[in-house]
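J.: What follows is a structure written as structure tokens; I'll ask about it next.
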Amino acid sequence: MNKDVKEIIVTENDIDERCRELASEIEAYYSEKAEEPLVIGLLKGSVPFMAELIKRFSIPMEIDFMSVSSYSGTASTGDVKIDKDSDISCRGRSILIVEDIIDTGRTLKQVVQLFYDRGAKDVKIVALLDKKEGRVVEIEADYVGFDIPNAFVVGFGLDYNQKYRNLPYIGILKEEVYS
Ligand code: 5GP
């Protein structure tokens with residue numbers, strides 16, 4: 001275990017198994033609708049999760065990436081800044097957004113609205129982790145890997161100051177690292 005990690009809360013094995021389950025649930029949804037989803041990963045945190053998930057799909061699909069940062073306007077509203085946009089048109093498409101973690105929900109709320117504003121037909125969210133206690137705006141993922149407590153976690157895509165994304169598990173970062 002990395003010396004800066006206090007506790008592993010989701011193991012590599014847990015992630016592997018859960019990604020198989022999620023992929024089969026998601027695949028069933030798109031197969032039934034006979035839709036080819038456009039799978040959009042939010043950079044950078046979703047990269048390992050997206051790779052793990054899409055290799056389990058046997059349905060036709062396209063992938064792309066977007067990089068967004070959210071910042072608060074007022075306490076109850078957020079806004080999203082697009083740092084890198086998707087290159088593929090989402091008009092009339094079924095979109096599956098892949099996110100590492102939902103906390104306040106501000107980022108995803110804005111991104112989902114953005115896709116609908118751009119003419120997407122259907123927008124679904126899959127998030128590896130959900131910190132329900134952190135929610136500030138009303139939004140839920142359609143598919144969640146793991147519900148986790150309100151602690152700062154790193155690994156499997158999630159960083160602290162751009163580090164720890166390469167850890168193959170999700171762990172709680174020791175407080176002394178960021179305090
Ligand atoms: P929110 O749902 O608050 O708009 O934002 C979610 C984003 O906040 C995630 O994509 C991630 O970048 C960041 N985030 C929230 N909680 C954590 C956490 O526990 N660890 C890390 N590394 N990032 C987090």
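Simple scheme: letters A, B, ... for chains in structure tokens order, numbers from 1 for residues in each chain, numbers from 1 for ligands in the order shown.
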Got a sec to tell me which of chain A DSSP assigns to strand (DSSP E), as a PyMOL selection string?

T.: chain A and resi 5-10+38-42+62-72+78-84+94-102+122-130+143-147+153-154+170-173

J.: May I ask you to write as a ChimeraX atom specification all residues lying at most 7 Å from ligand 1, with only C-alpha atoms and all ligand atoms counted?

T.: /A:45,70,99-108,151-154,158-160

J.: Write a file of the selected residues as a CSV table (one decimal), in the first residue's frame, keeping C-alpha atoms.

T.:
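Result file is out-v7.csv:
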```
chain,number,residue,atom,x,y,z
A,45,GLY,CA,-10.1,11.0,-13.4
A,70,SER,CA,-16.7,23.5,-12.2
A,99,GLU,CA,-17.2,10.1,-14.2
A,100,ASP,CA,-14.8,9.1,-11.4
A,101,ILE,CA,-16.8,10.5,-8.4
A,102,ILE,CA,-19.9,12.5,-7.7
A,103,ASP,CA,-19.6,14.7,-4.6
A,104,THR,CA,-21.6,18.0,-4.7
A,105,GLY,CA,-23.1,17.0,-8.0
A,106,ARG,CA,-22.4,20.5,-9.5
A,107,THR,CA,-20.1,19.3,-12.3
A,108,LEU,CA,-22.4,16.6,-13.5
A,151,ALA,CA,-13.6,11.2,3.0
A,152,PHE,CA,-11.0,12.4,0.5
A,153,VAL,CA,-10.0,9.5,-1.6
A,154,VAL,CA,-7.3,8.9,-4.2
A,158,LEU,CA,-8.4,10.2,-8.6
A,159,ASP,CA,-5.7,12.5,-7.6
A,160,TYR,CA,-4.3,14.9,-5.0
```

J.: Identify, on the basis of only C-alpha atoms, every residue whose closest approach to A:Tyr30 does not exceed 12 Å; exclude the query and any residue fewer than 2 positions from it along the same chain; express the result as an MDAnalysis selection string.

T.: chainID A and resid 23:28 32:39 57:61 93:96 122:124

J.: For stretch 16-20 of chain A, please output as a PDB file with N, CA, C and O atoms, in the first residue's frame all residues within 10 Å (counting only C-alpha atoms; exclusion window: fewer than 4 positions along the same chain).

T.:
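Final output, saved to around_13.pdb:
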```pdb
ATOM      1  N   THR A  11     -10.893  -2.351  -3.333  1.00  0.00           N
ATOM      2  CA  THR A  11      -9.705  -3.044  -3.844  1.00  0.00           C
ATOM      3  C   THR A  11      -9.751  -3.163  -5.367  1.00  0.00           C
ATOM      4  O   THR A  11     -10.804  -2.983  -5.996  1.00  0.00           O
ATOM      5  N   GLU A  12      -8.610  -3.551  -5.907  1.00  0.00           N
ATOM      6  CA  GLU A  12      -8.491  -3.762  -7.353  1.00  0.00           C
ATOM      7  C   GLU A  12      -9.497  -4.827  -7.800  1.00  0.00           C
ATOM      8  O   GLU A  12     -10.145  -4.700  -8.839  1.00  0.00           O
ATOM      9  N   SER A  24     -22.510  -4.986 -17.885  1.00  0.00           N
ATOM     10  CA  SER A  24     -23.601  -5.815 -18.397  1.00  0.00           C
ATOM     11  C   SER A  24     -24.946  -5.105 -18.207  1.00  0.00           C
ATOM     12  O   SER A  24     -25.817  -5.171 -19.081  1.00  0.00           O
ATOM     13  N   GLU A  25     -25.113  -4.365 -17.099  1.00  0.00           N
ATOM     14  CA  GLU A  25     -26.359  -3.580 -16.904  1.00  0.00           C
ATOM     15  C   GLU A  25     -26.498  -2.498 -17.978  1.00  0.00           C
ATOM     16  O   GLU A  25     -27.567  -2.296 -18.546  1.00  0.00           O
ATOM     17  N   PHE A  49     -11.185   4.003 -15.133  1.00  0.00           N
ATOM     18  CA  PHE A  49     -12.535   3.432 -15.014  1.00  0.00           C
ATOM     19  C   PHE A  49     -13.146   3.224 -16.399  1.00  0.00           C
ATOM     20  O   PHE A  49     -13.721   2.170 -16.690  1.00  0.00           O
ATOM     21  N   MET A  50     -13.004   4.222 -17.249  1.00  0.00           N
ATOM     22  CA  MET A  50     -13.564   4.125 -18.609  1.00  0.00           C
ATOM     23  C   MET A  50     -12.933   2.946 -19.354  1.00  0.00           C
ATOM     24  O   MET A  50     -13.630   2.182 -20.023  1.00  0.00           O
ATOM     25  N   ALA A  51     -11.608   2.799 -19.219  1.00  0.00           N
ATOM     26  CA  ALA A  51     -10.908   1.705 -19.907  1.00  0.00           C
ATOM     27  C   ALA A  51     -11.407   0.352 -19.408  1.00  0.00           C
ATOM     28  O   ALA A  51     -11.636  -0.581 -20.189  1.00  0.00           O
ATOM     29  N   GLU A  52     -11.604   0.256 -18.111  1.00  0.00           N
ATOM     30  CA  GLU A  52     -12.042  -0.990 -17.490  1.00  0.00           C
ATOM     31  C   GLU A  52     -13.463  -1.347 -17.937  1.00  0.00           C
ATOM     32  O   GLU A  52     -13.770  -2.510 -18.176  1.00  0.00           O
ATOM     33  N   LEU A  53     -14.289  -0.311 -18.036  1.00  0.00           N
ATOM     34  CA  LEU A  53     -15.699  -0.520 -18.377  1.00  0.00           C
ATOM     35  C   LEU A  53     -15.898  -0.872 -19.850  1.00  0.00           C
ATOM     36  O   LEU A  53     -16.568  -1.846 -20.176  1.00  0.00           O
ATOM     37  N   ILE A  54     -15.306  -0.080 -20.723  1.00  0.00           N
ATOM     38  CA  ILE A  54     -15.640  -0.250 -22.151  1.00  0.00           C
ATOM     39  C   ILE A  54     -15.106  -1.554 -22.730  1.00  0.00           C
ATOM     40  O   ILE A  54     -15.659  -2.067 -23.683  1.00  0.00           O
ATOM     41  N   LYS A  55     -14.060  -2.096 -22.127  1.00  0.00           N
ATOM     42  CA  LYS A  55     -13.550  -3.359 -22.679  1.00  0.00           C
ATOM     43  C   LYS A  55     -14.521  -4.512 -22.418  1.00  0.00           C
ATOM     44  O   LYS A  55     -14.392  -5.576 -22.983  1.00  0.00           O
ATOM     45  N   ARG A  56     -15.496  -4.287 -21.522  1.00  0.00           N
ATOM     46  CA  ARG A  56     -16.513  -5.312 -21.229  1.00  0.00           C
ATOM     47  C   ARG A  56     -17.739  -5.186 -22.120  1.00  0.00           C
ATOM     48  O   ARG A  56     -18.620  -6.037 -22.055  1.00  0.00           O
ATOM     49  N   PHE A  57     -17.872  -4.097 -22.873  1.00  0.00           N
ATOM     50  CA  PHE A  57     -19.046  -3.925 -23.744  1.00  0.00           C
ATOM     51  C   PHE A  57     -18.850  -4.703 -25.042  1.00  0.00           C
ATOM     52  O   PHE A  57     -17.779  -4.639 -25.638  1.00  0.00           O
ATOM     53  N   LEU A 128     -17.965   5.894 -10.917  1.00  0.00           N
ATOM     54  CA  LEU A 128     -17.325   4.819 -10.150  1.00  0.00           C
ATOM     55  C   LEU A 128     -17.666   4.949  -8.669  1.00  0.00           C
ATOM     56  O   LEU A 128     -17.979   3.960  -8.020  1.00  0.00           O
ATOM     57  N   VAL A 144     -23.917   3.390 -10.448  1.00  0.00           N
ATOM     58  CA  VAL A 144     -22.856   3.746  -9.481  1.00  0.00           C
ATOM     59  C   VAL A 144     -22.057   2.492  -9.147  1.00  0.00           C
ATOM     60  O   VAL A 144     -22.628   1.419  -8.906  1.00  0.00           O
ATOM     61  N   GLY A 145     -20.743   2.654  -9.142  1.00  0.00           N
ATOM     62  CA  GLY A 145     -19.885   1.536  -8.753  1.00  0.00           C
ATOM     63  C   GLY A 145     -19.970   1.276  -7.266  1.00  0.00           C
ATOM     64  O   GLY A 145     -20.406   0.210  -6.825  1.00  0.00           O
ATOM     65  N   PHE A 146     -19.624   2.279  -6.466  1.00  0.00           N
ATOM     66  CA  PHE A 146     -19.577   2.118  -5.008  1.00  0.00           C
ATOM     67  C   PHE A 146     -20.017   3.402  -4.308  1.00  0.00           C
ATOM     68  O   PHE A 146     -19.554   4.491  -4.672  1.00  0.00           O
TER      69      PHE A 146
END
```

J.: Quick one: pull the distance between atom CA of A:Ile15 and atom CA of A:Arg135, Å, one decimal.

T.: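 Distance between the two atoms: 23.1 Å.
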
J.: Enumerate the residues of chain A with a DSSP assignment of helix (DSSP H, G or I), computed from the backbone, and present them as a ChimeraX atom specification.

T.: /A:12-33,47-54,106-117,132-134,175-178

J.: Separation of atom CA of A:Tyr143 and atom CA of A:Tyr164, in Å?

T.: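 Distance reported for this atom pair: 24.5 Å.
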
J.: Skipping near chain neighbours, those fewer than 2 positions away, what residues fall within 9 Å of A:Lys174 using only C-alpha atoms, listed as a compact mmCIF listing (two decimals) with all heavy atoms, in the first residue's frame?

T.:
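Writing the result to selection_19.txt gives the following:
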```txt
# COMPACT_ATOMS: atom_id res chain seq x y z
N LYS A 3 2.42 4.70 1.00
CA LYS A 3 2.64 5.20 2.37
C LYS A 3 1.72 6.37 2.74
O LYS A 3 1.51 6.64 3.92
CB LYS A 3 4.11 5.58 2.59
CG LYS A 3 4.56 6.76 1.74
CD LYS A 3 5.95 7.23 2.12
CE LYS A 3 6.46 8.37 1.26
NZ LYS A 3 5.53 9.40 0.83
N ASP A 4 1.18 7.07 1.76
CA ASP A 4 0.30 8.22 2.03
C ASP A 4 -1.17 7.81 2.17
O ASP A 4 -2.03 8.65 2.42
CB ASP A 4 0.43 9.26 0.90
CG ASP A 4 1.83 9.86 0.84
OD1 ASP A 4 2.54 9.80 1.87
OD2 ASP A 4 2.21 10.38 -0.22
N VAL A 5 -1.43 6.53 1.96
CA VAL A 5 -2.82 6.05 2.04
C VAL A 5 -3.09 5.48 3.42
O VAL A 5 -2.33 4.67 3.94
CB VAL A 5 -3.08 4.99 0.94
CG1 VAL A 5 -4.42 4.29 1.14
CG2 VAL A 5 -3.02 5.64 -0.45
N LYS A 6 -4.20 5.96 4.03
CA LYS A 6 -4.55 5.52 5.39
C LYS A 6 -5.24 4.17 5.35
O LYS A 6 -4.98 3.30 6.16
CB LYS A 6 -5.49 6.58 5.99
CG LYS A 6 -5.87 6.34 7.41
CD LYS A 6 -6.39 7.61 8.08
CE LYS A 6 -7.84 7.85 7.74
NZ LYS A 6 -8.38 9.05 8.41
N GLU A 7 -6.12 4.00 4.36
CA GLU A 7 -6.93 2.78 4.31
C GLU A 7 -7.43 2.54 2.89
O GLU A 7 -7.86 3.50 2.23
CB GLU A 7 -8.14 3.01 5.25
CG GLU A 7 -9.03 1.84 5.43
CD GLU A 7 -10.36 2.23 6.11
OE1 GLU A 7 -10.45 3.34 6.68
OE2 GLU A 7 -11.30 1.43 6.00
N PHE A 152 -11.72 12.12 1.75
CA PHE A 152 -11.00 12.44 0.52
C PHE A 152 -10.25 11.20 0.06
O PHE A 152 -9.36 10.69 0.74
CB PHE A 152 -10.04 13.61 0.73
CG PHE A 152 -9.51 14.12 -0.58
CD1 PHE A 152 -10.27 14.95 -1.38
CD2 PHE A 152 -8.26 13.71 -1.04
CE1 PHE A 152 -9.81 15.38 -2.62
CE2 PHE A 152 -7.78 14.13 -2.28
CZ PHE A 152 -8.55 14.97 -3.05
N ILE A 172 -8.26 6.05 1.19
CA ILE A 172 -8.41 7.35 1.88
C ILE A 172 -7.01 7.91 2.10
O ILE A 172 -6.12 7.21 2.61
CB ILE A 172 -9.15 7.17 3.22
CG1 ILE A 172 -10.57 6.63 2.95
CG2 ILE A 172 -9.21 8.49 4.00
CD1 ILE A 172 -11.40 6.36 4.20
N GLU A 176 -2.43 14.09 7.06
CA GLU A 176 -1.16 14.85 7.14
C GLU A 176 -0.61 15.20 5.74
O GLU A 176 0.19 16.11 5.61
CB GLU A 176 -0.11 14.06 7.93
CG GLU A 176 0.36 12.79 7.23
CD GLU A 176 0.53 11.61 8.20
OE1 GLU A 176 -0.36 11.39 9.04
OE2 GLU A 176 1.55 10.92 8.08
N VAL A 177 -1.08 14.51 4.71
CA VAL A 177 -0.58 14.80 3.35
C VAL A 177 -1.15 16.13 2.85
O VAL A 177 -0.48 16.85 2.12
CB VAL A 177 -0.97 13.66 2.38
CG1 VAL A 177 -0.51 13.96 0.95
CG2 VAL A 177 -0.40 12.33 2.85
N TYR A 178 -2.38 16.46 3.23
CA TYR A 178 -2.97 17.70 2.72
C TYR A 178 -3.22 18.77 3.79
O TYR A 178 -3.67 19.86 3.47
CB TYR A 178 -4.25 17.44 1.91
CG TYR A 178 -5.33 16.65 2.60
CD1 TYR A 178 -6.28 17.28 3.40
CD2 TYR A 178 -5.42 15.29 2.44
CE1 TYR A 178 -7.28 16.56 4.03
CE2 TYR A 178 -6.42 14.56 3.06
CZ TYR A 178 -7.36 15.19 3.85
OH TYR A 178 -8.35 14.46 4.46
```

J.: Give me, please, the distance in Å between atom CA of A:Arg165 and atom CA of A:Ser46, quoted to one decimal.

T.: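 We find that atom CA of A:Arg165 and atom CA of A:Ser46 lie 9.9 Å from each other.
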